[in-house]
Structure formats: structure tokens, C-alpha cells
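Undergrad: CSV, N, CA and C atoms, saved as start04.csv, coming up:
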chain,number,residue,atom,x,y,z
A,12,LEU,N,-32.2,-10.7,2.7
A,12,LEU,CA,-31.3,-10.1,1.6
A,12,LEU,C,-30.8,-8.7,2.1
A,13,LYS,N,-31.7,-7.9,2.7
A,13,LYS,CA,-31.3,-6.6,3.1
A,13,LYS,C,-30.3,-6.7,4.2
A,14,GLU,N,-30.4,-7.7,5.1
A,14,GLU,CA,-29.4,-7.9,6.2
A,14,GLU,C,-28.0,-8.3,5.6
A,15,LEU,N,-28.0,-9.1,4.6
A,15,LEU,CA,-26.8,-9.5,3.9
A,15,LEU,C,-26.1,-8.3,3.3
A,16,GLN,N,-26.9,-7.4,2.6
A,16,GLN,CA,-26.4,-6.2,2.0
A,16,GLN,C,-25.8,-5.3,3.0
A,17,ARG,N,-26.5,-5.1,4.2
A,17,ARG,CA,-26.0,-4.3,5.2
A,17,ARG,C,-24.6,-4.8,5.8
A,18,LYS,N,-24.5,-6.1,6.0
A,18,LYS,CA,-23.3,-6.7,6.4
A,18,LYS,C,-22.1,-6.5,5.4
A,19,ARG,N,-22.4,-6.6,4.2
A,19,ARG,CA,-21.4,-6.4,3.1
A,19,ARG,C,-20.9,-4.9,3.2
A,20,ARG,N,-21.9,-4.0,3.3
A,20,ARG,CA,-21.5,-2.6,3.3
A,20,ARG,C,-20.6,-2.3,4.5
A,21,GLN,N,-20.9,-2.9,5.7
A,21,GLN,CA,-20.0,-2.7,6.9
A,21,GLN,C,-18.7,-3.3,6.7
A,22,THR,N,-18.6,-4.5,6.0
A,22,THR,CA,-17.3,-5.1,5.7
A,22,THR,C,-16.4,-4.2,4.8
A,23,VAL,N,-17.1,-3.7,3.8
A,23,VAL,CA,-16.3,-2.8,2.8
A,23,VAL,C,-15.9,-1.5,3.5
A,24,ALA,N,-16.8,-0.9,4.3
A,24,ALA,CA,-16.4,0.3,5.0
A,24,ALA,C,-15.2,0.0,6.0
A,25,ALA,N,-15.2,-1.1,6.7
A,25,ALA,CA,-14.1,-1.4,7.6
A,25,ALA,C,-12.8,-1.6,6.8
A,26,ALA,N,-12.9,-2.3,5.7
A,26,ALA,CA,-11.7,-2.5,4.9
A,26,ALA,C,-11.2,-1.2,4.3
A,27,GLU,N,-12.0,-0.3,3.9
A,27,GLU,CA,-11.6,1.0,3.4
A,27,GLU,C,-11.0,1.9,4.5
A,28,SER,N,-11.5,1.8,5.7
A,28,SER,CA,-11.0,2.6,6.8
A,28,SER,C,-9.6,2.1,7.3
A,29,ALA,N,-9.4,0.8,7.1
A,29,ALA,CA,-8.1,0.2,7.5
A,29,ALA,C,-7.1,0.6,6.5
A,30,ALA,N,-7.4,0.9,5.3
A,30,ALA,CA,-6.5,1.3,4.3
A,30,ALA,C,-6.2,2.8,4.3
A,31,THR,N,-6.9,3.5,5.1
A,31,THR,CA,-6.7,5.0,5.1
A,31,THR,C,-5.7,5.5,6.1
A,32,SER,N,-5.0,4.6,6.8
A,32,SER,CA,-3.9,5.0,7.7
A,32,SER,C,-2.7,5.5,6.9
A,33,ASN,N,-2.6,6.8,6.8
A,33,ASN,CA,-1.6,7.4,6.0
A,33,ASN,C,-0.2,7.5,6.7
A,34,GLY,N,0.8,7.4,5.9
A,34,GLY,CA,2.2,7.5,6.5
A,34,GLY,C,3.1,8.1,5.5
A,35,GLU,N,4.3,8.3,6.0
A,35,GLU,CA,5.4,8.8,5.2
A,35,GLU,C,6.6,7.9,5.4
A,36,GLY,N,7.5,7.8,4.4
A,36,GLY,CA,8.7,7.0,4.5
A,36,GLY,C,9.6,7.2,3.4
A,37,VAL,N,10.6,6.3,3.3
A,37,VAL,CA,11.5,6.4,2.1
A,37,VAL,C,11.6,5.0,1.5
A,38,ILE,N,11.9,4.9,0.2
A,38,ILE,CA,12.0,3.7,-0.5
A,38,ILE,C,13.3,3.0,0.1
A,39,LYS,N,13.1,1.8,0.6
A,39,LYS,CA,14.2,1.1,1.2
A,39,LYS,C,14.8,0.1,0.1
A,40,ARG,N,14.0,-0.7,-0.5
A,40,ARG,CA,14.5,-1.6,-1.5
A,40,ARG,C,13.5,-1.7,-2.7
A,41,LEU,N,14.0,-1.8,-3.9
A,41,LEU,CA,13.2,-1.9,-5.1
A,41,LEU,C,13.6,-3.2,-5.8
A,42,PHE,N,12.5,-3.9,-6.3
A,42,PHE,CA,12.7,-5.1,-7.1
A,42,PHE,C,11.9,-4.8,-8.4
A,43,PRO,N,12.4,-4.0,-9.3
A,43,PRO,CA,11.6,-3.5,-10.4
A,43,PRO,C,11.2,-4.7,-11.4
A,44,PHE,N,12.0,-5.7,-11.5
A,44,PHE,CA,11.7,-6.8,-12.4
A,44,PHE,C,10.6,-7.7,-11.8
A,45,GLU,N,10.4,-7.6,-10.5
A,45,GLU,CA,9.4,-8.4,-9.9
A,45,GLU,C,8.2,-7.5,-9.5
A,46,SER,N,8.3,-6.2,-9.8
A,46,SER,CA,7.2,-5.2,-9.6
A,46,SER,C,6.8,-5.0,-8.2
A,47,TYR,N,7.8,-4.9,-7.2
A,47,TYR,CA,7.5,-4.6,-5.9
A,47,TYR,C,8.7,-4.0,-5.2
A,48,GLY,N,8.4,-3.5,-4.0
A,48,GLY,CA,9.5,-2.9,-3.2
A,48,GLY,C,9.1,-2.7,-1.7
A,49,PHE,N,9.9,-2.1,-0.9
A,49,PHE,CA,9.6,-1.9,0.5
A,49,PHE,C,9.9,-0.4,0.8
A,50,ILE,N,9.0,0.1,1.7
A,50,ILE,CA,9.2,1.5,2.2
A,50,ILE,C,9.5,1.3,3.7
A,51,THR,N,10.5,2.2,4.2
A,51,THR,CA,10.8,2.2,5.6
A,51,THR,C,10.2,3.5,6.2
A,52,THR,N,9.5,3.3,7.3
A,52,THR,CA,8.9,4.4,8.0
A,52,THR,C,9.9,5.0,9.0
A,53,ALA,N,9.6,6.2,9.5
A,53,ALA,CA,10.5,6.9,10.5
A,53,ALA,C,10.8,6.0,11.7
A,54,ASP,N,9.8,5.2,12.1
A,54,ASP,CA,10.0,4.3,13.3
A,54,ASP,C,10.6,2.9,12.9
A,55,GLY,N,11.1,2.8,11.7
A,55,GLY,CA,11.8,1.6,11.3
A,55,GLY,C,11.0,0.4,10.8
A,56,LYS,N,9.7,0.7,10.6
A,56,LYS,CA,8.8,-0.4,10.1
A,56,LYS,C,8.9,-0.5,8.6
A,57,ASP,N,9.0,-1.7,8.1
A,57,ASP,CA,9.0,-2.0,6.6
A,57,ASP,C,7.6,-2.2,6.1
A,58,ILE,N,7.3,-1.5,5.0
A,58,ILE,CA,6.0,-1.7,4.4
A,58,ILE,C,6.2,-2.1,3.0
A,59,TYR,N,5.6,-3.3,2.6
A,59,TYR,CA,5.6,-3.8,1.3
A,59,TYR,C,4.7,-3.0,0.4
A,60,PHE,N,5.1,-2.8,-0.9
A,60,PHE,CA,4.2,-2.3,-1.9
A,60,PHE,C,4.4,-3.0,-3.2
A,61,HIS,N,3.3,-3.0,-4.0
A,61,HIS,CA,3.4,-3.6,-5.3
A,61,HIS,C,3.2,-2.4,-6.3
A,62,GLU,N,3.7,-2.6,-7.5
A,62,GLU,CA,3.6,-1.6,-8.5
A,62,GLU,C,2.2,-1.1,-8.8
A,63,ASN,N,1.2,-2.0,-8.6
A,63,ASN,CA,-0.2,-1.6,-8.8
A,63,ASN,C,-0.6,-0.5,-7.8
A,64,ALA,N,0.1,-0.4,-6.6
A,64,ALA,CA,-0.3,0.6,-5.6
A,64,ALA,C,0.3,2.0,-6.0
A,65,LEU,N,1.1,2.1,-7.0
A,65,LEU,CA,1.7,3.4,-7.3
A,65,LEU,C,0.7,4.4,-8.0
A,66,LYS,N,0.6,5.6,-7.5
A,66,LYS,CA,-0.3,6.6,-8.0
A,66,LYS,C,0.5,7.8,-8.6
A,67,GLY,N,0.4,8.0,-9.9
A,67,GLY,CA,1.0,9.1,-10.5
A,67,GLY,C,2.5,8.9,-10.8
A,68,LEU,N,3.0,7.7,-10.6
A,68,LEU,CA,4.4,7.4,-11.0
A,68,LEU,C,4.5,5.9,-11.3
A,69,ASN,N,5.6,5.5,-11.8
A,69,ASN,CA,5.9,4.1,-12.0
A,69,ASN,C,7.2,3.6,-11.4
A,70,MET,N,7.4,2.3,-11.5
A,70,MET,CA,8.7,1.8,-10.9
A,70,MET,C,9.9,2.4,-11.4
A,71,ASP,N,9.9,2.8,-12.7
A,71,ASP,CA,11.1,3.3,-13.3
A,71,ASP,C,11.5,4.7,-12.8
A,72,GLU,N,10.5,5.4,-12.2
A,72,GLU,CA,10.7,6.7,-11.6
A,72,GLU,C,11.2,6.7,-10.2
A,73,LEU,N,11.2,5.5,-9.5
A,73,LEU,CA,11.6,5.4,-8.1
A,73,LEU,C,13.0,5.0,-8.0
A,74,ASN,N,13.6,5.5,-6.9
A,74,ASN,CA,15.0,5.2,-6.5
A,74,ASN,C,15.0,4.9,-5.0
A,75,GLU,N,15.9,4.1,-4.6
A,75,GLU,CA,16.1,3.8,-3.2
A,75,GLU,C,16.5,5.1,-2.5
A,76,GLY,N,15.8,5.5,-1.4
A,76,GLY,CA,16.1,6.7,-0.7
A,76,GLY,C,15.0,7.8,-1.0
A,77,ASP,N,14.2,7.6,-2.0
A,77,ASP,CA,13.2,8.6,-2.4
A,77,ASP,C,12.1,8.7,-1.3
A,78,ALA,N,11.7,9.9,-0.9
A,78,ALA,CA,10.6,10.1,0.0
A,78,ALA,C,9.3,9.8,-0.6
A,79,VAL,N,8.4,9.1,0.1
A,79,VAL,CA,7.1,8.8,-0.4
A,79,VAL,C,6.0,8.9,0.7
A,80,ARG,N,4.8,9.1,0.3
A,80,ARG,CA,3.6,9.0,1.2
A,80,ARG,C,2.8,7.8,0.8
A,81,PHE,N,2.1,7.2,1.7
A,81,PHE,CA,1.4,5.9,1.4
A,81,PHE,C,0.3,5.7,2.3
A,82,GLY,N,-0.7,4.9,1.9
A,82,GLY,CA,-1.8,4.5,2.7
A,82,GLY,C,-1.5,3.1,3.2
A,83,GLU,N,-1.4,2.9,4.5
A,83,GLU,CA,-1.1,1.5,5.0
A,83,GLU,C,-2.3,0.7,5.2
A,84,ALA,N,-2.2,-0.6,4.8
A,84,ALA,CA,-3.2,-1.6,5.0
A,84,ALA,C,-2.6,-2.9,5.5
A,85,GLU,N,-3.4,-3.8,6.0
A,85,GLU,CA,-2.9,-5.1,6.4
A,85,GLU,C,-3.0,-6.1,5.3
A,86,GLY,N,-1.9,-6.6,4.8
A,86,GLY,CA,-1.9,-7.6,3.8
A,86,GLY,C,-1.9,-9.0,4.4
A,87,ASP,N,-1.9,-10.0,3.5
A,87,ASP,CA,-1.9,-11.4,3.9
A,87,ASP,C,-0.6,-11.7,4.7
A,88,LYS,N,0.5,-11.1,4.4
A,88,LYS,CA,1.8,-11.4,5.1
A,88,LYS,C,2.3,-10.2,6.0
A,89,GLY,N,1.4,-9.3,6.3
A,89,GLY,CA,1.8,-8.2,7.1
A,89,GLY,C,1.5,-6.8,6.5
A,90,PRO,N,2.0,-5.7,7.0
A,90,PRO,CA,1.7,-4.4,6.5
A,90,PRO,C,2.1,-4.2,5.0
A,91,CYS,N,1.2,-3.5,4.3
A,91,CYS,CA,1.4,-3.2,2.9
A,91,CYS,C,0.9,-1.9,2.6
A,92,ALA,N,1.2,-1.3,1.5
A,92,ALA,CA,0.8,0.0,1.0
A,92,ALA,C,-0.4,-0.2,0.1
A,93,ALA,N,-1.5,0.4,0.4
A,93,ALA,CA,-2.7,0.4,-0.5
A,93,ALA,C,-2.5,1.3,-1.7
A,94,TRP,N,-1.7,2.4,-1.4
A,94,TRP,CA,-1.4,3.4,-2.5
A,94,TRP,C,0.0,4.0,-2.1
A,95,VAL,N,0.7,4.5,-3.1
A,95,VAL,CA,2.0,5.1,-2.9
A,95,VAL,C,2.1,6.3,-3.8
A,96,ARG,N,2.5,7.5,-3.3
A,96,ARG,CA,2.7,8.7,-4.1
A,96,ARG,C,4.0,9.3,-3.7
A,97,SER,N,4.6,10.1,-4.6
A,97,SER,CA,5.9,10.7,-4.3
A,97,SER,C,5.7,11.7,-3.1
A,98,GLY,N,6.7,11.8,-2.3
A,98,GLY,CA,6.5,12.6,-1.1
A,98,GLY,C,7.1,13.9,-1.2
Could you render the structure from this file as C-alpha cells?
TA:
Amino acid sequence: LKELQRKRRQTVAAAESAATSNGEGVIKRLFPFESYGFITTADGKDIYFHENALKGLNMDELNEGDAVRFGEAEGDKGPCAAWVRSG
């Protein structure tokens, strides 16, 4: 049982460290009725985000072209934002 708990802690720690890769970008596309959008980074990478990742703001406050900061994680279909804040 202790070995299983240790492995779980390692898995959670690895997942948290993967989501701590911080970045900056601008809102590229918004789909407010579907509750998601995309951020473009300076190197042209597109990062998906869901409304649940927004911290201190909501979809109604965002506009395409707004600068944001985000924590990048790997999602099921590619890079995504674990959290998004105004930049």
C-alpha cells in the first residue's frame, strides 16, 4: 500500500510540473458560446484553452488580440493551457 501511495505522489508531482511551463501570448480565436479559445505564442504555437482555465476573468472580458499569460500543459489533443490570466 505504501508503494502504491508513493507512485501516486510521483505521478501527481510529474503532472503538476508539466503544467507549470509558463508562457505569454495573445488571444488568437475565441468561441465564447462553446467556452473555449486559442492563444498564439510569440513563436507561432497555438495553445487551446477552456473557459475553466481562466483565472480572475471570464470569456466576456476577453477579445482577440488581448495579451495573456498562461501555464502550458499537454492535453489529449495537444498543447493546452492549464490556467490563463490577463497579461
Undergrad: With only C-alpha atoms as the counted atoms, please give the residues lying no more than 12 Å from range 62-69 of chain A, apart from itself and same-chain residues fewer than 5 positions off, as a ChimeraX atom specification.
TA: /A:30,41-49,74,79-84,91-98
Undergrad: To one decimal place in Å, what is the distance between CA of Gly55 in chain A and CA of Gly76 in chain A?
TA: 13.7 Å
Undergrad: Quick one: distance from atom C of Arg40 in chain A to atom N of Phe60 in chain A in Å, one decimal?
TA: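 Calculated distance between atom C of Arg40 in chain A and atom N of Phe60 in chain A is 8.7 Å.
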Undergrad: With distances taken over only N, CA and C atoms, which residue among A:Ala78, A:Pro90, A:Gly34, A:Glu14 lies nearest Tyr59 in chain A?
TA: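 Of A:Ala78, A:Pro90, A:Gly34, A:Glu14, the one nearest Tyr59 in chain A, counting only N, CA and C atoms, is A:Pro90.
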